$ cat my_file.cif   # mmCIF, C-alpha atoms
data_target
#
loop_
_atom_site.label_atom_id
_atom_site.label_comp_id
_atom_site.auth_asym_id
_atom_site.auth_seq_id
_atom_site.Cartn_x
_atom_site.Cartn_y
_atom_site.Cartn_z
CA MET A 1 10.78 -15.83 -17.93
CA GLY A 2 8.55 -13.03 -16.71
CA GLU A 3 7.77 -11.70 -13.28
CA VAL A 4 4.66 -12.27 -11.18
CA ILE A 5 3.67 -9.22 -9.14
CA VAL A 6 0.74 -9.25 -6.72
CA ILE A 7 -1.03 -5.96 -5.98
CA THR A 8 -2.45 -6.06 -2.48
CA SER A 9 -3.54 -3.79 0.38
CA GLY A 10 -5.42 -5.57 3.12
CA LYS A 11 -8.13 -2.96 3.25
CA GLY A 12 -10.69 -2.76 0.48
CA GLY A 13 -11.43 0.32 -1.57
CA VAL A 14 -7.96 1.81 -1.65
CA GLY A 15 -7.46 1.32 -5.37
CA LYS A 16 -5.91 -2.11 -5.96
CA THR A 17 -7.92 -2.83 -9.08
CA THR A 18 -7.39 0.63 -10.58
CA THR A 19 -3.68 0.33 -9.81
CA THR A 20 -3.44 -3.12 -11.41
CA ALA A 21 -5.28 -1.95 -14.53
CA ASN A 22 -3.17 1.16 -14.95
CA ILE A 23 0.26 -0.26 -14.22
CA GLY A 24 -0.50 -3.15 -16.55
CA THR A 25 -1.67 -0.87 -19.33
CA ALA A 26 1.34 1.40 -18.86
CA LEU A 27 3.71 -1.58 -19.05
CA ALA A 28 2.01 -2.71 -22.25
CA MET A 29 2.38 0.83 -23.63
CA GLU A 30 6.10 0.44 -22.91
CA GLY A 31 6.11 -2.57 -25.22
CA LYS A 32 5.88 -5.36 -22.65
CA GLN A 33 3.74 -8.50 -22.81
CA VAL A 34 1.39 -8.16 -19.84
CA VAL A 35 -1.42 -10.24 -18.37
CA LEU A 36 -3.73 -8.89 -15.68
CA VAL A 37 -5.12 -11.62 -13.44
CA ASP A 38 -8.23 -10.92 -11.39
CA ALA A 39 -7.88 -13.07 -8.27
CA ASP A 40 -10.97 -11.60 -6.62
CA ILE A 41 -13.21 -14.59 -7.23
CA GLY A 42 -16.86 -13.82 -6.60
CA LEU A 43 -16.32 -10.05 -6.64
CA ARG A 44 -14.55 -9.46 -9.93
CA ASN A 45 -14.05 -5.90 -11.09
CA LEU A 46 -10.88 -5.73 -13.10
CA ASP A 47 -12.98 -6.52 -16.18
CA VAL A 48 -15.24 -3.48 -15.79
CA VAL A 49 -12.37 -1.17 -14.85
CA MET A 50 -10.63 -2.28 -18.05
CA GLY A 51 -13.85 -2.03 -20.07
CA LEU A 52 -13.57 -5.68 -21.13
CA GLU A 53 -16.62 -7.03 -19.29
CA ASN A 54 -18.51 -7.88 -22.49
CA ARG A 55 -15.80 -10.13 -23.82
CA ILE A 56 -15.61 -12.71 -21.05
CA VAL A 57 -16.26 -16.29 -22.10
CA TYR A 58 -14.12 -18.33 -19.74
CA ASP A 59 -12.50 -17.36 -16.45
CA LEU A 60 -9.71 -18.25 -14.06
CA VAL A 61 -11.67 -21.03 -12.36
CA ASP A 62 -12.46 -22.59 -15.76
CA VAL A 63 -8.74 -22.69 -16.48
CA VAL A 64 -7.84 -24.17 -13.11
CA GLU A 65 -10.59 -26.77 -13.36
CA GLY A 66 -9.59 -27.68 -16.90
CA THR A 67 -12.91 -26.60 -18.46
CA CYS A 68 -10.91 -24.65 -21.04
CA ARG A 69 -7.34 -24.05 -22.05
CA LEU A 70 -5.49 -21.03 -20.66
CA LYS A 71 -5.37 -19.45 -24.09
CA GLN A 72 -9.15 -19.56 -24.43
CA ALA A 73 -9.71 -17.64 -21.22
CA LEU A 74 -7.22 -14.84 -21.96
CA ILE A 75 -8.94 -11.73 -23.30
CA LYS A 76 -6.79 -9.68 -25.61
CA ASP A 77 -7.17 -5.93 -25.13
CA LYS A 78 -7.40 -4.62 -28.68
CA ARG A 79 -6.52 -1.06 -27.64
CA PHE A 80 -3.10 -1.91 -26.23
CA ASN A 81 -0.67 -4.22 -27.90
CA GLY A 82 0.51 -7.05 -25.67
CA LEU A 83 -2.14 -6.57 -22.96
CA PHE A 84 -4.35 -9.46 -21.80
CA LEU A 85 -6.88 -10.05 -19.03
CA LEU A 86 -7.59 -13.28 -17.19
CA PRO A 87 -10.94 -12.57 -15.48
CA ALA A 88 -12.08 -14.00 -12.16
CA ALA A 89 -15.16 -16.20 -11.88
CA GLN A 90 -18.14 -14.25 -10.62
CA THR A 91 -20.46 -17.03 -9.51
CA LYS A 92 -18.02 -19.08 -7.48
CA ASP A 93 -16.17 -18.29 -4.27
CA LYS A 94 -12.59 -18.16 -3.08
CA THR A 95 -12.44 -21.84 -2.21
CA ALA A 96 -12.90 -22.75 -5.88
CA ILE A 97 -9.12 -22.59 -6.23
CA SER A 98 -6.18 -23.41 -3.98
CA PRO A 99 -2.85 -21.63 -3.44
CA LYS A 100 -1.12 -24.54 -5.14
CA GLN A 101 -3.28 -24.17 -8.25
CA MET A 102 -2.52 -20.44 -8.34
CA GLN A 103 1.17 -21.22 -8.08
CA GLU A 104 0.97 -23.49 -11.10
CA LEU A 105 -1.09 -20.98 -13.06
CA SER A 106 1.35 -18.16 -12.24
CA LYS A 107 4.22 -20.33 -13.41
CA GLU A 108 2.50 -21.08 -16.69
CA LEU A 109 1.66 -17.40 -17.24
CA LYS A 110 5.14 -16.08 -16.62
CA GLU A 111 6.50 -18.36 -19.29
CA GLN A 112 4.40 -16.44 -21.80
CA PHE A 113 4.39 -12.91 -20.42
CA ASP A 114 6.94 -10.34 -19.24
CA TYR A 115 4.64 -9.25 -16.44
CA VAL A 116 1.87 -11.12 -14.65
CA LEU A 117 -0.02 -8.65 -12.45
CA ILE A 118 -2.35 -10.23 -9.89
CA ASP A 119 -5.18 -8.13 -8.48
CA CYS A 120 -5.57 -9.42 -4.92
CA PRO A 121 -8.89 -9.37 -3.08
CA ALA A 122 -9.24 -7.40 0.15
CA GLY A 123 -8.72 -9.28 3.39
CA ILE A 124 -6.15 -11.75 4.65
CA GLU A 125 -8.05 -14.99 4.18
CA ARG A 126 -8.10 -17.61 1.43
CA GLY A 127 -8.38 -15.12 -1.43
CA PHE A 128 -5.26 -13.29 -0.24
CA LYS A 129 -3.37 -16.54 0.20
CA ASN A 130 -4.36 -17.63 -3.30
CA ALA A 131 -3.32 -14.33 -4.83
CA ILE A 132 0.15 -14.24 -3.27
CA ALA A 133 0.92 -17.94 -3.72
CA GLY A 134 2.68 -17.66 -7.05
CA ALA A 135 4.02 -14.10 -6.70
CA ASP A 136 7.68 -13.15 -7.05
CA LYS A 137 7.13 -9.61 -5.85
CA ALA A 138 4.43 -7.61 -4.09
CA ILE A 139 3.13 -4.08 -4.44
CA ILE A 140 1.21 -2.67 -1.48
CA VAL A 141 -1.34 0.01 -2.22
CA THR A 142 -2.42 2.27 0.61
CA ILE A 143 -4.08 5.62 1.10
CA PRO A 144 -2.78 8.05 3.73
CA GLU A 145 -5.45 7.21 6.31
CA VAL A 146 -5.04 5.37 9.60
CA SER A 147 -7.17 2.32 8.75
CA ALA A 148 -5.52 1.72 5.39
CA VAL A 149 -1.98 2.20 6.74
CA ARG A 150 -2.66 -0.09 9.66
CA ASP A 151 -3.91 -2.82 7.32
CA ALA A 152 -0.95 -2.27 5.00
CA ASP A 153 1.38 -2.87 7.92
CA ARG A 154 -0.37 -6.13 8.70
CA ILE A 155 -0.06 -7.20 5.08
CA ILE A 156 3.67 -6.38 5.11
CA GLY A 157 4.04 -8.78 8.04
CA LEU A 158 2.01 -11.53 6.36
CA LEU A 159 3.90 -11.17 3.08
CA SER A 160 7.18 -11.33 4.91
CA SER A 161 6.26 -14.59 6.62
CA SER A 162 5.29 -15.97 3.18
CA GLY A 163 8.71 -15.16 1.76
CA LEU A 164 7.75 -11.88 0.05
CA SER A 165 9.92 -9.73 2.25
CA ASP A 166 10.59 -6.71 0.07
CA PRO A 167 7.22 -5.24 -0.95
CA MET A 168 7.02 -1.92 -2.78
CA LEU A 169 4.67 0.82 -1.62
CA ILE A 170 2.24 2.90 -3.65
CA ILE A 171 0.58 5.77 -1.83
CA ASN A 172 -2.72 6.34 -3.58
CA ARG A 173 -5.18 9.22 -3.49
CA LEU A 174 -2.84 11.73 -1.86
CA LYS A 175 -4.64 15.04 -1.45
CA ILE A 176 -2.00 17.72 -1.67
CA ASP A 177 -4.27 20.45 -0.25
CA MET A 178 -4.95 18.40 2.86
CA VAL A 179 -1.25 17.56 3.24
CA LYS A 180 -0.45 21.30 3.09
CA ARG A 181 -2.97 21.98 5.83
CA GLY A 182 -1.45 19.24 7.99
CA ASP A 183 -4.65 17.23 7.77
CA MET A 184 -3.30 14.28 5.83
CA MET A 185 -0.19 12.21 6.43
CA ASP A 186 2.37 13.01 3.77
CA ILE A 187 4.68 10.73 1.80
CA ASP A 188 7.44 10.77 4.44
CA ASP A 189 5.01 10.10 7.31
CA THR A 190 3.64 7.05 5.54
CA ILE A 191 7.04 5.62 4.57
CA ASP A 192 8.30 6.33 8.07
CA ILE A 193 5.51 4.26 9.60
CA LEU A 194 5.55 1.35 7.16
CA GLY A 195 9.31 1.17 6.62
CA ILE A 196 9.24 -0.17 3.04
CA ASP A 197 10.50 1.25 -0.25
CA LEU A 198 8.33 3.69 -2.14
CA LEU A 199 7.38 2.75 -5.70
CA GLY A 200 5.15 5.72 -6.41
CA VAL A 201 2.62 8.29 -5.31
CA VAL A 202 -0.70 8.78 -7.07
CA PRO A 203 -2.52 12.05 -6.39
CA ASP A 204 -6.26 12.06 -5.81
CA ASP A 205 -7.64 12.75 -9.26
CA GLU A 206 -11.27 12.98 -10.38
CA GLN A 207 -10.13 11.77 -13.75
CA ILE A 208 -9.86 8.24 -12.31
CA VAL A 209 -13.62 8.16 -11.76
CA ILE A 210 -14.26 9.53 -15.23
CA SER A 211 -11.92 7.00 -16.87
CA THR A 212 -13.40 4.14 -14.88
CA ASN A 213 -16.91 5.23 -15.91
CA ARG A 214 -15.77 4.83 -19.49
CA GLY A 215 -13.79 1.64 -18.95
CA GLU A 216 -10.58 3.26 -20.13
CA PRO A 217 -7.42 3.14 -18.02
CA VAL A 218 -6.37 6.65 -17.03
CA VAL A 219 -2.78 6.07 -18.22
CA SER A 220 -4.02 6.37 -21.76
CA GLU A 221 -5.09 9.96 -21.02
CA GLU A 222 -2.04 12.06 -21.73
CA ASN A 223 -2.71 15.08 -19.52
CA THR A 224 -3.90 13.60 -16.25
CA MET A 225 -1.92 13.67 -13.03
CA ALA A 226 -2.96 10.16 -11.99
CA GLY A 227 -2.17 8.85 -15.47
CA GLN A 228 1.30 10.37 -15.32
CA ALA A 229 1.84 8.91 -11.84
CA PHE A 230 0.98 5.41 -13.08
CA ARG A 231 3.17 5.78 -16.16
CA ASN A 232 6.05 6.77 -13.84
CA ILE A 233 5.41 3.72 -11.66
CA ALA A 234 5.56 1.43 -14.70
CA LYS A 235 8.87 3.00 -15.73
CA ARG A 236 10.28 2.45 -12.24
CA LEU A 237 9.26 -1.21 -12.44
CA LEU A 238 11.23 -1.37 -15.67
CA GLY A 239 14.25 -0.13 -13.78
CA GLN A 240 14.20 3.47 -14.94
CA ASP A 241 15.08 6.19 -12.47
CA VAL A 242 12.06 8.48 -12.46
CA PRO A 243 11.77 11.05 -9.66
CA ILE A 244 8.55 11.24 -7.63
CA MET A 245 6.37 13.73 -9.44
CA ASN A 246 5.71 17.22 -8.29
CA LEU A 247 2.16 17.08 -7.01
CA GLU A 248 1.70 20.83 -6.75
CA GLU A 249 -0.53 22.49 -9.25
CA PRO A 250 1.15 25.57 -10.71
CA ASP A 251 -0.33 28.43 -8.73
CA THR A 252 1.08 31.75 -9.81
CA PHE A 253 -1.12 33.90 -11.97
CA VAL A 254 1.25 33.73 -14.92
CA GLU A 255 1.45 29.94 -14.70
CA LYS A 256 -2.32 29.66 -14.51
CA LEU A 257 -2.57 31.88 -17.57
CA LYS A 258 -0.01 29.79 -19.42
CA ARG A 259 -1.94 26.64 -18.59
CA LEU A 260 -5.13 28.24 -19.76
CA PHE A 261 -3.55 28.75 -23.15
CA GLY A 262 -1.84 25.39 -23.11
CA LEU A 263 1.65 26.91 -23.07
CA ASN A 264 2.71 25.38 -19.83
CA LYS A 265 3.53 21.70 -19.93
CA ARG A 266 3.33 20.26 -16.45
CA LYS A 267 6.63 19.58 -14.77
CA SER A 268 8.10 16.17 -14.21
CA TYR A 269 5.39 14.44 -12.27
CA MET B 1 -19.17 27.60 25.01
CA PHE B 2 -17.81 29.02 21.81
CA ASP B 3 -14.06 28.74 21.80
CA LEU B 4 -12.50 31.11 19.34
CA PHE B 5 -9.05 29.55 19.46
CA LYS B 6 -10.40 26.08 19.00
CA PHE B 7 -12.48 27.36 16.15
CA LEU B 8 -9.38 28.75 14.49
CA GLY B 9 -7.53 25.54 15.20
CA LYS B 10 -4.74 27.33 17.06
CA ASP B 11 -4.48 25.09 20.08
CA GLU B 12 -4.70 21.78 18.27
CA SER B 13 -1.87 19.88 16.70
CA PRO B 14 -2.36 19.06 13.02
CA SER B 15 -4.63 16.05 12.67
CA LYS B 16 -1.98 14.20 10.66
CA ASP B 17 0.34 14.25 13.66
CA ILE B 18 -2.40 12.75 15.80
CA ALA B 19 -2.95 10.10 13.11
CA LYS B 20 0.75 9.29 13.04
CA GLU B 21 1.08 9.00 16.79
CA ARG B 22 -2.02 6.83 17.08
CA LEU B 23 -0.82 4.59 14.26
CA LYS B 24 2.62 4.18 15.80
CA LEU B 25 1.10 3.05 19.06
CA VAL B 26 -1.43 0.68 17.57
CA LEU B 27 1.15 -0.85 15.24
CA ILE B 28 3.48 -1.69 18.09
CA HIS B 29 0.82 -3.99 19.45
CA ASP B 30 -0.25 -5.27 16.02
CA ARG B 31 3.30 -6.14 15.11
CA ALA B 32 4.18 -7.88 18.34
CA ASN B 33 0.80 -9.56 18.37
CA VAL B 34 0.43 -8.76 22.05
CA SER B 35 -2.35 -7.17 24.03
CA PRO B 36 -1.87 -3.72 25.56
CA LYS B 37 -1.75 -5.49 28.92
CA PHE B 38 1.45 -7.25 27.89
CA LEU B 39 3.68 -4.24 28.47
CA ASP B 40 2.09 -3.60 31.87
CA MET B 41 2.87 -7.14 32.90
CA VAL B 42 6.46 -6.91 31.66
CA LYS B 43 6.86 -3.58 33.42
CA GLY B 44 5.55 -5.00 36.70
CA ASP B 45 7.96 -7.92 36.62
CA ILE B 46 10.97 -5.82 35.67
CA VAL B 47 10.25 -3.42 38.52
CA LYS B 48 9.89 -6.32 40.92
CA VAL B 49 13.28 -7.79 39.98
CA MET B 50 15.14 -4.50 39.88
CA SER B 51 13.71 -3.26 43.15
CA ASP B 52 15.93 -5.75 44.98
CA TYR B 53 18.95 -3.81 43.79
CA VAL B 54 17.91 -0.22 43.12
CA GLU B 55 15.23 2.30 44.00
CA ILE B 56 13.22 3.07 40.89
CA GLU B 57 11.22 6.17 39.99
CA GLU B 58 8.20 4.09 39.14
CA ASP B 59 6.14 6.97 37.77
CA ASN B 60 8.73 7.78 35.13
CA ILE B 61 9.30 4.34 33.69
CA ASP B 62 9.00 4.20 29.93
CA ILE B 63 8.70 0.77 28.37
CA ARG B 64 7.84 0.28 24.73
CA LEU B 65 8.14 -2.14 21.83
CA ASN B 66 10.00 -0.61 18.91
CA ARG B 67 10.34 -1.85 15.37
CA VAL B 68 14.00 -2.28 14.51
CA PRO B 69 15.54 -3.12 11.15
CA LYS B 70 17.41 -6.40 10.96
CA ASP B 71 20.35 -7.38 8.76
CA ASP B 72 18.15 -9.23 6.28
CA ASN B 73 16.08 -6.11 5.54
CA THR B 74 13.12 -7.24 7.58
CA PHE B 75 11.95 -5.76 10.83
CA GLY B 76 12.03 -7.20 14.29
CA SER B 77 10.76 -5.96 17.60
CA ALA B 78 12.90 -4.58 20.40
CA LEU B 79 11.78 -4.01 23.96
CA VAL B 80 13.15 -0.61 24.96
CA ALA B 81 12.99 0.30 28.63
CA ASN B 82 13.98 3.58 30.22
CA ILE B 83 13.98 3.12 33.97
CA PRO B 84 15.16 6.08 36.06
CA ILE B 85 17.01 5.02 39.22
CA ARG B 86 16.73 7.06 42.36
CA LYS B 87 19.54 5.31 44.19
CA VAL B 88 21.41 2.04 44.30
CA LYS B 89 20.56 -0.11 47.27
CA LYS B 90 23.22 -1.47 49.61
CA ILE B 91 22.89 -5.01 48.34
CA GLY B 92 23.66 -3.76 44.85
CA LYS B 93 26.80 -1.92 45.97
CA ASN B 94 28.25 -4.96 47.70
CA ILE B 95 28.16 -7.14 44.61
CA GLY B 96 31.40 -7.35 42.66
#
$ encode --input "my_file.cif" --output "structure tokens"
Amino acid sequence: MGEVIVITSGKGGVGKTTTTANIGTALAMEGKQVVLVDADIGLRNLDVVMGLENRIVYDLVDVVEGTCRLKQALIKDKRFNGLFLLPAAQTKDKTAISPKQMQELSKELKEQFDYVLIDCPAGIERGFKNAIAGADKAIIVTIPEVSAVRDADRIIGLLSSSGLSDPMLIINRLKIDMVKRGDMMDIDDTIDILGIDLLGVVPDDEQIVISTNRGEPVVSEENTMAGQAFRNIAKRLLGQDVPIMNLEEPDTFVEKLKRLFGLNKRKSY
Amino acid sequence: MFDLFKFLGKDESPSKDIAKERLKLVLIHDRANVSPKFLDMVKGDIVKVMSDYVEIEEDNIDIRLNRVPKDDNTFGSALVANIPIRKVKKIGKNIG
């Protein structure tokens, strides 16, 4: 029996979909059977982030309504063994499914997969309630900005009252230069405010935009900071003890020179 | 007027500290689901009751809602009040 993990944030635009895509891909790269479920009905995006948008025939609502069998709606990602996508419907809205139906779907999926990752829509309304209905665990994605942290705190409260009392935190898009200047809340500040366990920190990385443009998850790019951060997060989910990565770029002249010639492998981030 | 020190950022606290302080305050109200007026009302009533027994330094009262960890790993709210007393009134001394 697998595990259903919902990836949520409250606020939109903090990186839920990118996080879902990358953790899922990283888990598949670790040899796990993984299905990514896009619960953002009406505003689906997990398909384009994964680069699988041209392969959609059926969607989540079709499965729930019995238009097709679950197996027919699952899109197999040919690049990564064991990775599947269940896309959201684009032309319907959140009321097309109920929390109870999501619960049943989640149950069916975790019988077949090691990990069921649910990409939750922004907000705290029906779409959120649907997405968390069948979840065993929750990951909260936030960025170190007041609006996102405030919303994350609200989500923590709502999850707790729905029986998901131990969410894990991912701090996304941390800008180390701004943290150094004292112009961005750091890891400790954010944990201190939210009071939940840290699962990982993902540095702000242009490579995410580039990868998303191409429809390739950044975890498959060996030498990217964000990719490494997501691979570390996947390992932590698997129970491995991986330290939070060093977000500093090497800055001495010699180190820069070494990097230039490819002699300096980045440290354990 | 052009303020050199402000320009150099010398007399301002780092913006992240401001963010943190503001967040802490706003979250207290979010978490307790109460309006900012709530604490004022509580404060007023506490002062009213206590004034029968002690003289309070009303200007220095500090009442806040804190988030406190509970045994089951969740968080609850605690009303923390710091009320400086100038002196105990006679009626208070006679009790007990």
$ interface_residues --input "my_file.cif" --of "chain B" --to "chain A" --cutoff "7 Å" --atoms "only C-alpha atoms" --output "list in words"
Pro14, Ser15, Lys16, Ala19, Leu23, Lys24, Leu27 and Thr74 of chain B
$ closest_residue --input "my_file.cif" --among "B:Glu58, B:Leu25, B:Asp40, B:Glu12" --to "Ile83 (chain B)" --atoms "only C-alpha atoms"
B:Glu58
$ atom_distance --input "my_file.cif" --atom1 "CA of Ser211 (chain A)" --atom2 "CA of Ala226 (chain A)"
10.7 Å
$ closest_residue --input "my_file.cif" --among "B:Asp45, B:Asp71, B:Ile28, B:Ile85" --to "Asp59 (chain B)" --atoms "only C-alpha atoms"
B:Ile85
$ closest_residue --input "my_file.cif" --among "A:Glu216, A:Glu221, A:Asp205, A:Glu111" --to "Glu53 (chain A)" --atoms "only C-alpha atoms"
A:Glu216
$ residues_near_point --input "my_file.cif" --point "(-9.1, -3.2, -13.0)" --cutoff "12 Å" --atoms "only C-alpha atoms" --output "PyMOL selection string"
chain A and resi 7+15-25+35-40+43-53+84-88+117-121+208+211-213+215-218
$ resolve_selection --input "my_file.cif" --expression "the PyMOL selection byres ((chain B and resi 57) around 12)" --output "MDAnalysis selection string"
chainID B and resid 47 50:51 54:56 58:62 82:88
$ resolve_selection --input "my_file.cif" --expression "the PyMOL selection byres ((chain B and resi 39) around 12)" --output "PDB file with C-alpha atoms, in the coordinates of the input"
ATOM      1  CA  ILE B  28       3.480  -1.690  18.090  1.00  0.00           C
ATOM      2  CA  HIS B  29       0.820  -3.990  19.450  1.00  0.00           C
ATOM      3  CA  ALA B  32       4.180  -7.880  18.340  1.00  0.00           C
ATOM      4  CA  ASN B  33       0.800  -9.560  18.370  1.00  0.00           C
ATOM      5  CA  VAL B  34       0.430  -8.760  22.050  1.00  0.00           C
ATOM      6  CA  SER B  35      -2.350  -7.170  24.030  1.00  0.00           C
ATOM      7  CA  PRO B  36      -1.870  -3.720  25.560  1.00  0.00           C
ATOM      8  CA  LYS B  37      -1.750  -5.490  28.920  1.00  0.00           C
ATOM      9  CA  PHE B  38       1.450  -7.250  27.890  1.00  0.00           C
ATOM     10  CA  ASP B  40       2.090  -3.600  31.870  1.00  0.00           C
ATOM     11  CA  MET B  41       2.870  -7.140  32.900  1.00  0.00           C
ATOM     12  CA  VAL B  42       6.460  -6.910  31.660  1.00  0.00           C
ATOM     13  CA  LYS B  43       6.860  -3.580  33.420  1.00  0.00           C
ATOM     14  CA  GLY B  44       5.550  -5.000  36.700  1.00  0.00           C
ATOM     15  CA  ASP B  45       7.960  -7.920  36.620  1.00  0.00           C
ATOM     16  CA  ILE B  46      10.970  -5.820  35.670  1.00  0.00           C
ATOM     17  CA  ILE B  61       9.300   4.340  33.690  1.00  0.00           C
ATOM     18  CA  ASP B  62       9.000   4.200  29.930  1.00  0.00           C
ATOM     19  CA  ILE B  63       8.700   0.770  28.370  1.00  0.00           C
ATOM     20  CA  ARG B  64       7.840   0.280  24.730  1.00  0.00           C
ATOM     21  CA  LEU B  65       8.140  -2.140  21.830  1.00  0.00           C
ATOM     22  CA  LEU B  79      11.780  -4.010  23.960  1.00  0.00           C
ATOM     23  CA  VAL B  80      13.150  -0.610  24.960  1.00  0.00           C
ATOM     24  CA  ALA B  81      12.990   0.300  28.630  1.00  0.00           C
TER      25      ALA B  81
END
$ closest_residue --input "my_file.cif" --among "B:Lys48, B:Arg31, B:Ile91, B:Ile18" --to "Ala78 (chain B)" --atoms "all atoms listed in the file"
B:Arg31
$ resolve_selection --input "my_file.cif" --expression "the PyMOL selection byres ((chain A and resi 65) around 12)" --output "PDB file with C-alpha atoms, keeping the file's coordinate frame"
ATOM      1  CA  TYR A  58     -14.120 -18.330 -19.740  1.00  0.00           C
ATOM      2  CA  ASP A  59     -12.500 -17.360 -16.450  1.00  0.00           C
ATOM      3  CA  LEU A  60      -9.710 -18.250 -14.060  1.00  0.00           C
ATOM      4  CA  VAL A  61     -11.670 -21.030 -12.360  1.00  0.00           C
ATOM      5  CA  ASP A  62     -12.460 -22.590 -15.760  1.00  0.00           C
ATOM      6  CA  VAL A  63      -8.740 -22.690 -16.480  1.00  0.00           C
ATOM      7  CA  VAL A  64      -7.840 -24.170 -13.110  1.00  0.00           C
ATOM      8  CA  GLY A  66      -9.590 -27.680 -16.900  1.00  0.00           C
ATOM      9  CA  THR A  67     -12.910 -26.600 -18.460  1.00  0.00           C
ATOM     10  CA  CYS A  68     -10.910 -24.650 -21.040  1.00  0.00           C
ATOM     11  CA  ARG A  69      -7.340 -24.050 -22.050  1.00  0.00           C
ATOM     12  CA  LEU A  70      -5.490 -21.030 -20.660  1.00  0.00           C
ATOM     13  CA  ALA A  89     -15.160 -16.200 -11.880  1.00  0.00           C
ATOM     14  CA  ALA A  96     -12.900 -22.750  -5.880  1.00  0.00           C
ATOM     15  CA  ILE A  97      -9.120 -22.590  -6.230  1.00  0.00           C
ATOM     16  CA  SER A  98      -6.180 -23.410  -3.980  1.00  0.00           C
ATOM     17  CA  GLN A 101      -3.280 -24.170  -8.250  1.00  0.00           C
ATOM     18  CA  MET A 102      -2.520 -20.440  -8.340  1.00  0.00           C
ATOM     19  CA  LEU A 105      -1.090 -20.980 -13.060  1.00  0.00           C
TER      20      LEU A 105
END
$ residues_around --input "my_file.cif" --residues "Leu164 (chain A)" --least-positions-apart "3" --cutoff "9 Å" --atoms "all atoms listed in the file" --output "PyMOL selection string"
chain A and resi 132+135-138+156+158-161+167
$ atom_distance --input "my_file.cif" --atom1 "CA of Lys11 (chain A)" --atom2 "CA of Met29 (chain A)"
29.1 Å
$ atom_distance --input "my_file.cif" --atom1 "CA of Asp241 (chain A)" --atom2 "CA of Val202 (chain A)"
16.9 Å
$ residues_around --input "my_file.cif" --residues "Lys107 (chain A)" --least-positions-apart "6" --cutoff "10 Å" --atoms "all atoms listed in the file" --output "ChimeraX atom specification"
/A:1-4,101,116,134-135
$ write_last_selection --input "my_file.cif" --atoms "C-alpha atoms" --output "PDB file, keeping the file's coordinate frame"
ATOM      1  CA  MET A   1      10.780 -15.830 -17.930  1.00  0.00           C
ATOM      2  CA  GLY A   2       8.550 -13.030 -16.710  1.00  0.00           C
ATOM      3  CA  GLU A   3       7.770 -11.700 -13.280  1.00  0.00           C
ATOM      4  CA  VAL A   4       4.660 -12.270 -11.180  1.00  0.00           C
ATOM      5  CA  GLN A 101      -3.280 -24.170  -8.250  1.00  0.00           C
ATOM      6  CA  VAL A 116       1.870 -11.120 -14.650  1.00  0.00           C
ATOM      7  CA  GLY A 134       2.680 -17.660  -7.050  1.00  0.00           C
ATOM      8  CA  ALA A 135       4.020 -14.100  -6.700  1.00  0.00           C
TER       9      ALA A 135
END
$ residues_around --input "my_file.cif" --residues "Gly82 (chain A)" --least-positions-apart "4" --cutoff "10 Å" --atoms "only C-alpha atoms" --output "PyMOL selection string"
chain A and resi 24-25+27-35+76-78+113-114
$ write_last_selection --input "my_file.cif" --atoms "C-alpha atoms" --output "PDB file, in the coordinates of the input"
ATOM      1  CA  GLY A  24      -0.500  -3.150 -16.550  1.00  0.00           C
ATOM      2  CA  THR A  25      -1.670  -0.870 -19.330  1.00  0.00           C
ATOM      3  CA  LEU A  27       3.710  -1.580 -19.050  1.00  0.00           C
ATOM      4  CA  ALA A  28       2.010  -2.710 -22.250  1.00  0.00           C
ATOM      5  CA  MET A  29       2.380   0.830 -23.630  1.00  0.00           C
ATOM      6  CA  GLU A  30       6.100   0.440 -22.910  1.00  0.00           C
ATOM      7  CA  GLY A  31       6.110  -2.570 -25.220  1.00  0.00           C
ATOM      8  CA  LYS A  32       5.880  -5.360 -22.650  1.00  0.00           C
ATOM      9  CA  GLN A  33       3.740  -8.500 -22.810  1.00  0.00           C
ATOM     10  CA  VAL A  34       1.390  -8.160 -19.840  1.00  0.00           C
ATOM     11  CA  VAL A  35      -1.420 -10.240 -18.370  1.00  0.00           C
ATOM     12  CA  LYS A  76      -6.790  -9.680 -25.610  1.00  0.00           C
ATOM     13  CA  ASP A  77      -7.170  -5.930 -25.130  1.00  0.00           C
ATOM     14  CA  LYS A  78      -7.400  -4.620 -28.680  1.00  0.00           C
ATOM     15  CA  PHE A 113       4.390 -12.910 -20.420  1.00  0.00           C
ATOM     16  CA  ASP A 114       6.940 -10.340 -19.240  1.00  0.00           C
TER      17      ASP A 114
END
